[in-house]
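Below is the file input33.txt, which contains compact mmCIF, C-alpha atoms.
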```txt
# COMPACT_ATOMS: atom_id res chain seq x y z
CA MET A 14 30.54 -9.91 -129.95
CA ALA A 15 31.02 -11.96 -133.12
CA VAL A 16 29.94 -8.99 -135.23
CA VAL A 17 32.24 -6.66 -133.28
CA ARG A 18 35.22 -8.99 -133.75
CA ALA A 19 34.50 -9.28 -137.47
CA LEU A 20 34.34 -5.49 -137.87
CA ARG A 21 37.59 -4.98 -136.00
CA THR A 22 39.45 -7.47 -138.19
CA ALA A 23 37.86 -6.52 -141.53
CA ALA A 24 39.80 -4.74 -144.25
CA PRO A 25 39.15 -0.96 -144.06
CA HIS A 26 37.19 -0.86 -147.33
CA GLU A 27 35.02 -3.89 -146.48
CA LEU A 28 33.13 -2.69 -143.40
CA PRO A 29 29.67 -2.47 -145.08
CA GLU A 30 29.95 -5.95 -146.56
CA THR A 31 31.26 -7.35 -143.27
CA VAL A 32 28.44 -5.95 -141.18
CA HIS A 33 25.91 -7.20 -143.76
CA ARG A 34 27.36 -10.71 -143.70
CA GLU A 35 27.61 -10.92 -139.92
CA LEU A 36 24.09 -9.58 -139.34
CA ALA A 37 22.74 -12.14 -141.80
CA THR A 38 24.51 -14.91 -139.91
CA GLY A 39 23.77 -13.79 -136.35
CA TYR A 40 20.40 -12.04 -136.70
CA ALA A 41 18.85 -13.52 -139.87
CA ALA A 42 19.02 -10.09 -141.51
CA ASP A 43 17.84 -9.96 -145.13
CA GLY A 44 19.80 -6.79 -145.78
CA ALA A 45 21.99 -4.13 -144.18
CA ASP A 46 22.77 -0.78 -145.83
CA LEU A 47 25.14 1.84 -144.48
CA PHE A 48 24.23 5.47 -145.26
CA LEU A 49 26.58 8.38 -144.56
CA ALA A 50 25.56 12.04 -144.26
CA ASP A 51 26.87 14.16 -147.10
CA TYR A 52 29.02 17.25 -146.52
CA GLY A 53 26.03 19.56 -146.85
CA LEU A 54 23.92 17.54 -144.36
CA THR A 55 21.11 17.24 -146.89
CA VAL A 56 21.05 13.53 -147.77
CA LEU A 57 22.16 10.18 -146.45
CA ARG A 58 24.19 8.49 -149.19
CA PRO A 59 24.56 4.70 -149.44
CA VAL A 60 27.97 3.05 -149.17
CA SER A 61 27.22 0.23 -151.57
CA THR A 62 28.29 -1.10 -154.94
CA PRO A 63 26.15 -0.97 -158.12
CA PRO A 64 23.96 -2.58 -159.33
CA HIS A 65 22.70 -3.22 -155.80
CA ALA A 66 23.26 0.31 -154.54
CA ALA A 67 20.43 1.77 -152.48
CA ALA A 68 19.07 5.22 -153.32
CA PRO A 69 20.08 8.27 -151.23
CA VAL A 70 17.51 9.34 -148.64
CA SER A 71 16.76 12.72 -147.11
CA VAL A 72 18.32 13.79 -143.85
CA HIS A 73 15.19 15.79 -143.08
CA HIS A 74 12.41 13.29 -143.86
CA GLY A 75 11.57 9.61 -143.66
CA PRO A 76 12.44 6.93 -141.10
CA ALA A 77 16.19 7.05 -141.78
CA GLY A 78 16.18 10.85 -141.47
CA ARG A 79 14.28 10.59 -138.18
CA ALA A 80 16.82 8.10 -136.81
CA PHE A 81 19.63 10.46 -137.82
CA GLY A 82 17.97 13.58 -136.39
CA ALA A 83 16.56 12.09 -133.17
CA GLN A 84 19.57 9.80 -132.63
CA GLU A 85 17.24 6.92 -131.80
CA PRO A 86 16.37 3.68 -133.63
CA CYS A 87 13.41 3.98 -135.98
CA LEU A 88 11.36 1.01 -137.23
CA GLU A 89 9.24 0.69 -140.39
CA PRO A 90 7.50 -2.21 -142.16
CA ALA A 91 9.60 -3.63 -144.99
CA GLY A 92 6.95 -5.92 -146.53
CA GLY A 93 6.93 -9.68 -146.71
CA GLY A 94 6.75 -10.08 -142.95
CA ARG A 95 9.91 -8.05 -142.36
CA THR A 96 10.88 -4.93 -140.44
CA ARG A 97 13.49 -2.36 -141.40
CA VAL A 98 15.42 -0.92 -138.45
CA HIS A 99 17.28 2.37 -138.89
CA LEU A 100 20.09 2.86 -136.37
CA PRO A 101 22.14 6.05 -135.90
CA VAL A 102 25.86 5.61 -136.56
CA THR A 103 27.44 8.07 -134.15
CA VAL A 104 30.82 8.34 -132.43
CA ARG A 105 30.96 10.42 -129.22
CA GLY A 106 28.25 12.72 -130.51
CA ASP A 107 29.64 13.01 -134.05
CA ARG A 108 26.77 11.99 -136.34
CA LEU A 109 28.14 9.99 -139.26
CA GLY A 110 25.05 8.36 -140.73
CA VAL A 111 22.55 5.51 -140.39
CA LEU A 112 22.70 1.71 -140.56
CA SER A 113 19.47 0.24 -142.01
CA VAL A 114 18.89 -3.45 -141.25
CA VAL A 115 16.02 -5.65 -142.55
CA LEU A 116 14.94 -8.29 -140.03
CA PRO A 117 12.10 -10.81 -139.74
CA ALA A 118 9.14 -9.05 -138.10
CA GLY A 119 8.09 -10.00 -134.60
CA ASP A 120 8.65 -9.24 -130.94
CA GLY A 121 12.26 -10.30 -131.24
CA VAL A 122 13.13 -7.14 -133.19
CA ARG A 123 12.75 -4.86 -130.19
CA GLU A 124 14.59 -7.33 -127.99
CA VAL A 125 17.73 -7.09 -130.13
CA LEU A 126 17.60 -3.30 -130.58
CA PRO A 127 20.19 -2.64 -127.83
CA GLU A 128 22.59 -5.10 -129.47
CA LEU A 129 22.03 -3.60 -132.93
CA ALA A 130 22.55 -0.10 -131.54
CA GLU A 131 25.87 -1.18 -130.06
CA ILE A 132 26.91 -2.74 -133.36
CA ALA A 133 26.08 0.55 -135.14
CA GLU A 134 28.22 2.44 -132.63
CA VAL A 135 31.15 0.05 -133.10
CA LEU A 136 30.74 0.40 -136.87
CA GLY A 137 31.06 4.17 -136.45
CA HIS A 138 34.33 3.80 -134.54
CA GLU A 139 35.69 1.48 -137.21
CA LEU A 140 34.71 3.92 -139.95
CA ILE A 141 36.74 6.67 -138.28
CA VAL A 142 39.77 4.39 -138.12
CA ALA A 143 39.26 3.05 -141.66
CA GLU A 144 39.27 6.54 -143.21
CA ARG A 145 43.02 6.68 -142.59
CA ASP A 146 43.49 3.86 -145.12
CA THR A 147 40.70 4.19 -147.70
CA ASP A 148 38.80 6.93 -149.52
CA ARG A 149 35.65 4.84 -149.88
CA TYR A 150 33.70 6.51 -147.08
CA LEU A 151 34.86 10.03 -147.90
CA LEU A 152 33.71 9.51 -151.50
CA ALA A 153 30.34 8.20 -150.32
CA ARG A 154 29.69 11.47 -148.48
CA ARG A 155 29.84 13.56 -151.68
CA THR A 156 26.89 14.59 -153.81
CA ASP A 157 29.24 16.71 -155.89
CA ARG A 158 32.94 17.24 -156.34
CA LEU A 159 34.68 19.29 -153.65
CA THR A 160 36.83 22.22 -154.65
CA LEU A 161 40.48 21.91 -153.61
CA ALA A 162 39.95 24.57 -150.93
CA ALA A 163 36.96 22.69 -149.54
CA GLU A 164 38.90 19.41 -149.56
CA MET A 165 41.60 21.06 -147.47
CA GLN A 166 39.11 22.60 -145.04
CA TRP A 167 37.08 19.43 -144.40
CA GLN A 168 40.26 17.44 -143.75
CA LEU A 169 41.25 20.06 -141.17
CA LEU A 170 38.07 19.79 -139.08
CA PRO A 171 37.81 17.68 -135.90
CA GLY A 172 34.25 16.55 -136.78
CA ARG A 173 30.85 18.23 -137.05
CA SER A 174 29.51 17.49 -133.60
CA CYS A 175 30.58 16.00 -130.28
CA ALA A 176 29.06 15.44 -126.86
CA ARG A 177 30.18 14.98 -123.28
CA PRO A 178 28.23 15.18 -120.02
CA GLU A 179 29.28 18.84 -119.61
CA TYR A 180 28.43 20.05 -123.12
CA GLU A 181 27.16 19.29 -126.61
CA LEU A 182 28.65 20.84 -129.75
CA GLY A 183 27.55 21.11 -133.36
CA ALA A 184 28.93 23.07 -136.33
CA GLN A 185 28.48 23.33 -140.08
CA LEU A 186 30.13 25.11 -143.00
CA GLU A 187 28.47 26.34 -146.20
CA PRO A 188 28.77 26.24 -149.15
CA ALA A 189 29.86 22.75 -148.11
CA TYR A 190 31.43 21.83 -151.46
CA ALA A 191 33.17 25.16 -152.07
CA ILE A 192 34.14 26.50 -148.63
CA PHE A 193 37.16 28.83 -148.51
CA GLY A 194 38.62 29.96 -145.19
CA ASP A 195 36.00 29.69 -142.43
CA ASN A 196 36.80 26.98 -139.93
CA PHE A 197 36.16 25.58 -136.46
CA ASP A 198 38.32 23.51 -134.17
CA TRP A 199 38.03 21.96 -130.73
CA SER A 200 39.90 19.74 -128.31
CA ALA A 201 38.97 18.46 -124.85
CA THR A 202 40.87 17.15 -121.84
CA ALA A 203 39.58 15.84 -118.52
CA ASP A 204 39.04 19.39 -117.25
CA HIS A 205 39.04 21.78 -120.22
CA LEU A 206 37.41 22.35 -123.61
CA MET A 207 39.35 24.43 -126.12
CA LEU A 208 37.16 25.87 -128.87
CA TYR A 209 38.04 28.02 -131.88
CA VAL A 210 35.83 29.72 -134.48
CA THR A 211 37.61 31.22 -137.50
CA ASN A 212 36.34 33.77 -140.00
CA GLY A 213 38.79 33.34 -142.87
CA MET A 214 40.04 35.93 -145.32
CA GLY A 215 40.32 35.64 -149.10
CA GLU A 216 39.09 33.05 -151.57
CA GLY A 217 39.95 29.62 -152.89
CA THR A 218 43.08 27.74 -151.94
CA GLU A 219 44.82 30.91 -150.71
CA ALA A 220 42.14 31.32 -148.03
CA SER A 221 42.38 27.64 -147.13
CA LEU A 222 46.18 27.77 -146.89
CA LEU A 223 45.97 30.77 -144.57
CA THR A 224 43.50 29.01 -142.29
CA ASN A 225 45.52 25.78 -142.34
CA LEU A 226 48.64 27.65 -141.23
CA ALA A 227 46.84 29.38 -138.34
CA VAL A 228 44.99 26.27 -137.13
CA ASN A 229 48.12 24.14 -137.10
CA ALA A 230 50.06 26.93 -135.37
CA TRP A 231 47.67 27.13 -132.42
CA ARG A 232 47.37 23.34 -132.30
CA ASN A 233 51.13 23.18 -132.01
CA ALA A 234 51.06 25.78 -129.20
CA ARG A 235 48.13 24.05 -127.46
CA ARG A 236 49.90 20.69 -127.53
CA ALA A 237 52.92 22.36 -125.96
CA GLY A 238 50.70 23.26 -122.99
CA LEU A 239 50.44 27.01 -123.66
CA SER A 240 47.53 29.19 -122.58
CA VAL A 241 44.90 30.38 -125.03
CA ALA A 242 46.48 33.87 -125.10
CA ASP A 243 49.91 32.42 -125.90
CA GLN A 244 48.34 30.21 -128.57
CA ALA A 245 47.00 33.37 -130.21
CA CYS A 246 50.45 35.02 -130.02
CA LEU A 247 52.24 32.10 -131.66
CA ALA A 248 49.59 31.70 -134.38
CA ASP A 249 49.81 35.44 -135.02
CA GLN A 250 53.61 35.21 -135.39
CA ALA A 251 53.35 32.22 -137.74
CA VAL A 252 50.86 33.98 -140.01
CA PHE A 253 52.79 37.27 -140.04
CA ALA A 254 56.10 35.51 -140.70
CA HIS A 255 54.64 33.92 -143.82
CA TYR A 256 52.40 36.71 -145.16
CA GLY A 257 54.02 39.84 -143.74
CA GLY A 258 50.66 41.42 -142.90
CA ARG A 259 49.21 41.00 -146.39
CA SER A 260 46.78 38.34 -145.18
CA TYR A 261 45.30 37.75 -141.75
CA LEU A 262 42.29 36.10 -140.19
CA SER A 263 39.80 36.63 -137.39
CA VAL A 264 39.31 34.04 -134.68
CA LEU A 265 37.40 33.62 -131.43
CA MET A 266 39.30 31.35 -129.01
CA PHE A 267 37.81 29.80 -125.85
CA ASP A 268 39.19 27.81 -122.94
CA PHE A 269 36.26 26.40 -120.91
CA ASP A 270 36.87 25.09 -117.39
CA LEU A 271 34.53 22.09 -117.33
CA ALA A 272 34.26 22.08 -113.52
CA THR A 273 33.39 25.76 -112.96
CA GLY A 274 32.09 27.16 -116.24
CA ARG A 275 34.73 29.91 -116.19
CA VAL A 276 35.98 30.74 -119.68
CA GLN A 277 39.17 32.38 -120.92
CA VAL A 278 38.50 34.14 -124.23
CA VAL A 279 40.68 35.77 -126.88
CA ASP A 280 38.73 37.89 -129.36
CA ALA A 281 41.04 38.45 -132.35
CA GLY A 282 38.70 40.39 -134.64
CA SER A 283 36.32 37.54 -134.09
CA PRO A 284 33.10 36.14 -135.52
CA LEU A 285 29.80 37.12 -133.86
CA LEU A 286 28.81 35.38 -130.60
CA LEU A 287 25.23 35.11 -129.32
CA ARG A 288 23.98 33.65 -126.03
CA LEU A 289 20.56 32.14 -125.41
CA ARG A 290 19.88 32.23 -121.66
CA ASP A 291 16.47 31.79 -120.01
CA GLY A 292 14.77 32.26 -123.38
CA VAL A 293 16.51 35.57 -124.14
CA VAL A 294 18.97 35.99 -127.02
CA GLU A 295 21.72 38.55 -126.51
CA LYS A 296 24.96 39.49 -128.19
CA VAL A 297 28.13 38.74 -126.20
CA GLU A 298 30.88 41.26 -126.83
CA PHE A 299 34.51 41.19 -125.76
CA GLU A 300 37.33 43.67 -125.99
CA ALA A 301 38.33 43.56 -129.65
CA GLN A 302 41.94 42.69 -130.41
CA LEU A 303 43.77 42.57 -133.74
CA PRO A 304 43.23 39.68 -136.18
CA LEU A 305 45.99 37.08 -136.31
CA GLY A 306 48.86 38.04 -138.60
CA MET A 307 47.99 41.70 -139.16
CA PHE A 308 51.07 43.11 -137.39
CA GLU A 309 54.34 41.71 -136.09
CA GLU A 310 54.52 40.40 -132.49
CA THR A 311 51.04 41.44 -131.40
CA ASP A 312 50.33 40.73 -127.72
CA TYR A 313 47.01 39.06 -126.90
CA GLU A 314 45.28 39.00 -123.54
CA ALA A 315 42.55 36.63 -122.42
CA GLN A 316 39.31 37.96 -120.99
CA GLU A 317 36.96 36.06 -118.72
CA PHE A 318 33.29 35.31 -118.75
CA GLU A 319 31.10 32.58 -117.32
CA VAL A 320 28.64 30.09 -118.73
CA ARG A 321 25.80 28.63 -116.70
CA PRO A 322 24.03 25.28 -117.05
CA GLY A 323 21.35 25.69 -119.71
CA ASP A 324 23.23 28.37 -121.67
CA ARG A 325 23.45 28.06 -125.44
CA LEU A 326 26.26 29.86 -127.28
CA ILE A 327 26.05 30.37 -131.04
CA SER A 328 28.92 31.78 -133.07
CA VAL A 329 28.53 32.75 -136.73
CA SER A 330 30.84 34.16 -139.37
CA ASP A 331 30.05 37.28 -141.36
CA GLY A 332 28.88 35.12 -144.24
CA VAL A 333 25.70 34.58 -142.21
CA TYR A 334 24.65 37.94 -140.80
CA GLU A 335 26.06 39.95 -143.73
CA ALA A 336 24.55 37.69 -146.41
CA VAL A 337 22.66 39.65 -149.08
CA SER A 338 19.62 38.35 -150.96
CA PRO A 339 19.22 38.76 -154.75
CA GLN A 340 16.94 41.71 -153.92
CA GLY A 341 19.72 43.39 -151.93
CA GLU A 342 18.27 42.60 -148.48
CA VAL A 343 20.88 41.99 -145.77
CA TYR A 344 20.11 39.03 -143.51
CA GLY A 345 21.21 41.01 -140.45
CA GLU A 346 21.46 40.37 -136.73
CA ASN A 347 17.71 40.68 -136.07
CA ALA A 348 16.93 37.82 -138.44
CA LEU A 349 19.71 35.82 -136.82
CA PHE A 350 18.25 36.47 -133.36
CA ARG A 351 14.90 35.16 -134.60
CA ALA A 352 16.56 32.05 -136.08
CA VAL A 353 18.26 31.32 -132.75
CA GLN A 354 14.91 31.60 -130.98
CA ALA A 355 13.18 29.43 -133.57
CA THR A 356 15.75 26.62 -133.13
CA ARG A 357 15.92 26.75 -129.32
CA LEU A 358 14.28 23.32 -128.89
CA LEU A 359 16.63 21.54 -131.29
CA PRO A 360 19.73 19.72 -130.03
CA ALA A 361 23.02 21.55 -130.59
CA ALA A 362 24.06 19.25 -133.44
CA GLU A 363 20.89 20.15 -135.37
CA VAL A 364 21.02 23.93 -134.89
CA PRO A 365 23.75 24.89 -137.40
CA ARG A 366 22.11 23.23 -140.40
CA ALA A 367 18.69 24.59 -139.36
CA VAL A 368 20.01 28.16 -139.18
CA LEU A 369 21.84 27.82 -142.50
CA ARG A 370 18.76 26.25 -144.11
CA GLU A 371 16.69 29.20 -142.95
CA LEU A 372 19.29 31.59 -144.35
CA THR A 373 19.41 29.97 -147.79
CA GLY A 374 15.62 29.61 -147.89
CA ARG A 375 15.13 33.26 -146.98
CA HIS A 376 17.52 34.34 -149.74
CA ASP A 377 16.17 31.83 -152.28
CA ARG A 378 19.58 30.28 -152.91
CA SER A 379 20.89 26.75 -152.65
CA ALA A 380 24.01 28.00 -150.80
CA PRO A 381 25.47 31.30 -149.53
CA ASP A 382 27.70 33.37 -151.82
CA ASP A 383 30.30 33.77 -149.06
CA ASP A 384 31.63 31.30 -146.51
CA ALA A 385 29.05 30.78 -143.79
CA LEU A 386 29.83 29.09 -140.48
CA VAL A 387 27.48 28.34 -137.59
CA LEU A 388 28.66 26.72 -134.35
CA CYS A 389 26.39 25.89 -131.42
CA LEU A 390 27.46 24.94 -127.89
CA ASP A 391 24.99 23.77 -125.25
CA TRP A 392 26.49 24.03 -121.78
CA ARG A 393 25.35 21.64 -119.07
CA GLY A 394 28.24 21.88 -116.62
CA ARG A 395 29.02 19.40 -113.92
```
Represent the supplied structure as structure tokens.
Amino acid sequence: MAVVRALRTAAPHELPETVHRELATGYAADGADLFLADYGLTVLRPVSTPPHAAAPVSVHHGPAGRAFGAQEPCLEPAGGGRTRVHLPVTVRGDRLGVLSVVLPAGDGVREVLPELAEIAEVLGHELIVAERDTDRYLLARRTDRLTLAAEMQWQLLPGRSCARPEYELGAQLEPAYAIFGDNFDWSATADHLMLYVTNGMGEGTEASLLTNLAVNAWRNARRAGLSVADQACLADQAVFAHYGGRSYLSVLMFDFDLATGRVQVVDAGSPLLLRLRDGVVEKVEFEAQLPLGMFEETDYEAQEFEVRPGDRLISVSDGVYEAVSPQGEVYGENALFRAVQATRLLPAAEVPRAVLRELTGRHDRSAPDDDALVLCLDWRGR
């Protein structure tokens, strides 16, 4: 509780130093390093000050990477009769990074793991709050400079993953440091999950501005209590009023009833949706409606479908299945189906980066040429 109180009263930019100091006092810790996942989900970057800054570590390998991926504490010898404990820093399923703490070795390490895990969780909550007042943690997540369009898009997102008893969500955008208009959004209440997957149009800041306008338009409609179909109508009107049909965007909009699994869907020229059920991958198709902003006062109607406990839904933008290799080979839906099968045992938060990693590896590129979005939803139901 002393550590928790110290974190809650610390200055926003001093959270790493505060947790280090308090763990040294209360747990005889020799060191405590906070690592945050970068935008591309490739490395865990230290939030520390030179010359004592720790080196970045891989998200995919090593004890810290295992703690981040498995979302469980991971222990390793630190030498000199000490143990290094890696603790996931996660807020309601949103994976932020890892807290690595060096403690005296012995049986007492495992005894304090529950307390350390709770401290790491509280640290995550404080990081979310602190980002309103300091850029320190946003800067720590960068391995490169973001383009202006990417800066706008990342600030628009709700997070990269979240979890509740009824569902688990994960999503990722690539190229992470130069994303244009692709986007995802979600919001949950006691009884509903609203989910949106956007396949943006255009390039650079123009694409980002278009997406920002549409996302804030349906957020405004959603917060006024309107249905998913009416949200689409108002977002469509906002985009058309500004662009006059010159620019528009495709979006797939969901309203999940958490109690029943019934879903209201608006398919406005949407991204691709796949379902993994009982080991079989299939394409889910809805009645196609016009993209948002293409024509004036378009009417949108919601369709219904149902999800069952154990279902996995994966939505991808055209930057994934239409990606072309340097040899001119299109990635295609068949390769995507195989990627969904290959990642079926991974948790939802891990699936997007695994699919995108397979895509870039297959095409021998560090990042896609076009925006690429992958969103995964695992449905458990009540």
Rounded to one decimal in Å, what is the spacing between atom CA of A:Thr202 and atom CA of A:Asp146?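 Atom CA of A:Asp146 lies at a distance of 26.9 Å from atom CA of A:Thr202.
Between atom CA of A:Thr224 and atom CA of A:Asn196 lies a distance of 7.4 Å.
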What would the list of residues within 12 Å of (35.2, 22.7, -114.5) (file frame) look like as a list in words, if all atoms listed in the file are what count?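 Result, sorted by chain then residue number: Pro178, Glu179, Tyr180, Ala201, Thr202, Ala203, Asp204, His205, Leu206, Asp268, Phe269, Asp270, Leu271, Ala272, Thr273, Gly274, Arg275, Val276, Glu319, Val320, Arg321, Pro322, Trp392, Arg393, Gly394 and Arg395 of chain A.
Residue nearest A:Asp291 within the list A:Ser330, A:Ala245, A:Arg357, A:Glu85: A:Arg357 [criterion: smallest interatomic distance, only C-alpha atoms].
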Work out how far atom CA of A:Met165 is from atom CA of A:Glu310, in Å to one decimal.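 Taking atom CA of A:Glu310 and atom CA of A:Met165, their separation equals 27.7 Å.
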List the spatial neighbours of stretch 123-129 of chain A as a PyMOL selection string - criterion: any atom at most 8 Å away, all atoms listed in the file, same-chain residues fewer than 4 positions off excluded. chain A and resi 86+100+133
Distance query 10 Å from (39.9, 17.0, -135.4) using all atoms listed in the file, result as a compact mmCIF listing (two decimals) with C-alpha atoms, in the coordinates of the input:
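part.txt written:
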```txt
# COMPACT_ATOMS: atom_id res chain seq x y z
CA TRP A 167 37.08 19.43 -144.40
CA GLN A 168 40.26 17.44 -143.75
CA LEU A 169 41.25 20.06 -141.17
CA LEU A 170 38.07 19.79 -139.08
CA PRO A 171 37.81 17.68 -135.90
CA GLY A 172 34.25 16.55 -136.78
CA ARG A 173 30.85 18.23 -137.05
CA PHE A 197 36.16 25.58 -136.46
CA ASP A 198 38.32 23.51 -134.17
CA TRP A 199 38.03 21.96 -130.73
CA SER A 200 39.90 19.74 -128.31
```
Just want the 8 Å neighbourhood of A:Ala301, counted on all atoms listed in the file, with same-chain residues fewer than 6 positions away dropped. Output as a PDB file with C-alpha atoms, in the frame of the given file.
```pdb
ATOM      1  CA  ASP A 280      38.730  37.890-129.360  1.00  0.00           C
ATOM      2  CA  ALA A 281      41.040  38.450-132.350  1.00  0.00           C
ATOM      3  CA  GLY A 282      38.700  40.390-134.640  1.00  0.00           C
ATOM      4  CA  SER A 283      36.320  37.540-134.090  1.00  0.00           C
TER       5      SER A 283
END
```
Taking 4 positions as the minimum chain separation for residues in the same chain, which residues sit within 12 Å of stretch 216-221 of chain A when counting all atoms listed in the file? Answer as a PDB file with C-alpha atoms, in the frame of the given file.
```pdb
ATOM      1  CA  LEU A 159      34.680  19.290-153.650  1.00  0.00           C
ATOM      2  CA  THR A 160      36.830  22.220-154.650  1.00  0.00           C
ATOM      3  CA  LEU A 161      40.480  21.910-153.610  1.00  0.00           C
ATOM      4  CA  ALA A 162      39.950  24.570-150.930  1.00  0.00           C
ATOM      5  CA  ALA A 163      36.960  22.690-149.540  1.00  0.00           C
ATOM      6  CA  GLU A 164      38.900  19.410-149.560  1.00  0.00           C
ATOM      7  CA  MET A 165      41.600  21.060-147.470  1.00  0.00           C
ATOM      8  CA  GLN A 166      39.110  22.600-145.040  1.00  0.00           C
ATOM      9  CA  TRP A 167      37.080  19.430-144.400  1.00  0.00           C
ATOM     10  CA  GLN A 168      40.260  17.440-143.750  1.00  0.00           C
ATOM     11  CA  LEU A 169      41.250  20.060-141.170  1.00  0.00           C
ATOM     12  CA  TYR A 190      31.430  21.830-151.460  1.00  0.00           C
ATOM     13  CA  ALA A 191      33.170  25.160-152.070  1.00  0.00           C
ATOM     14  CA  ILE A 192      34.140  26.500-148.630  1.00  0.00           C
ATOM     15  CA  PHE A 193      37.160  28.830-148.510  1.00  0.00           C
ATOM     16  CA  GLY A 194      38.620  29.960-145.190  1.00  0.00           C
ATOM     17  CA  ASP A 195      36.000  29.690-142.430  1.00  0.00           C
ATOM     18  CA  ASN A 196      36.800  26.980-139.930  1.00  0.00           C
ATOM     19  CA  THR A 211      37.610  31.220-137.500  1.00  0.00           C
ATOM     20  CA  ASN A 212      36.340  33.770-140.000  1.00  0.00           C
ATOM     21  CA  ASN A 225      45.520  25.780-142.340  1.00  0.00           C
ATOM     22  CA  LEU A 226      48.640  27.650-141.230  1.00  0.00           C
ATOM     23  CA  ALA A 227      46.840  29.380-138.340  1.00  0.00           C
ATOM     24  CA  VAL A 228      44.990  26.270-137.130  1.00  0.00           C
ATOM     25  CA  TYR A 256      52.400  36.710-145.160  1.00  0.00           C
ATOM     26  CA  ARG A 259      49.210  41.000-146.390  1.00  0.00           C
ATOM     27  CA  SER A 260      46.780  38.340-145.180  1.00  0.00           C
ATOM     28  CA  TYR A 261      45.300  37.750-141.750  1.00  0.00           C
ATOM     29  CA  LEU A 262      42.290  36.100-140.190  1.00  0.00           C
ATOM     30  CA  ASP A 382      27.700  33.370-151.820  1.00  0.00           C
ATOM     31  CA  ASP A 383      30.300  33.770-149.060  1.00  0.00           C
ATOM     32  CA  ASP A 384      31.630  31.300-146.510  1.00  0.00           C
TER      33      ASP A 384
END
```
With a distance cut-off of 9 Å and all atoms listed in the file, select the neighbouring residues of A:Gln316, excluding the residue or stretch itself and same-chain residues fewer than 5 positions from it, and output the selection as number ranges by chain. A: 276-280, 299-300
Restricting the calculation to only C-alpha atoms: of A:Ala143, A:Val115, A:Leu386, A:Cys175, which residue gets closest to A:Ala91?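 Counting only C-alpha atoms, the residue closest to A:Ala91 is A:Val115.
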For A:Val368: contacts at 8 Å, all atoms listed in the file, fewer than 5 positions along chain excluded, given as a VMD selection string: chain A and resid 352 to 353 356 387
Hey, which bits of stretch 23-57 of chain A sit within 10 Å of stretch 181-185 of chain A, and for each residue what's the closest pair of atoms and how far apart in Å (one decimal), counting all atoms listed in the file, rows by chain and increasing number, as JSON lines?
```
{"residue": "A:Tyr52", "atom": "CA", "partner": "A:Gln185", "partner_atom": "CA", "distance": 8.9}
{"residue": "A:Gly53", "atom": "CA", "partner": "A:Gln185", "partner_atom": "CA", "distance": 8.1}
{"residue": "A:Leu54", "atom": "CA", "partner": "A:Gln185", "partner_atom": "CA", "distance": 8.5}
```
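Considering only C-alpha atoms, the residue among A:Ala130, A:Leu49, A:Ala336, A:Val135 positioned nearest to A:Val111 is A:Leu49.
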Just checking: using all atoms listed in the file, which residue out of A:Leu116, A:Val98, A:Ala67, A:Leu286 ends up closest to A:Val210?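 Nearest to A:Val210: A:Leu286.
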From the options A:Leu287, A:Ala19, A:Leu152, A:Ala176, which residue's atoms come nearest to A:Arg105, counting only C-alpha atoms? A:Ala176
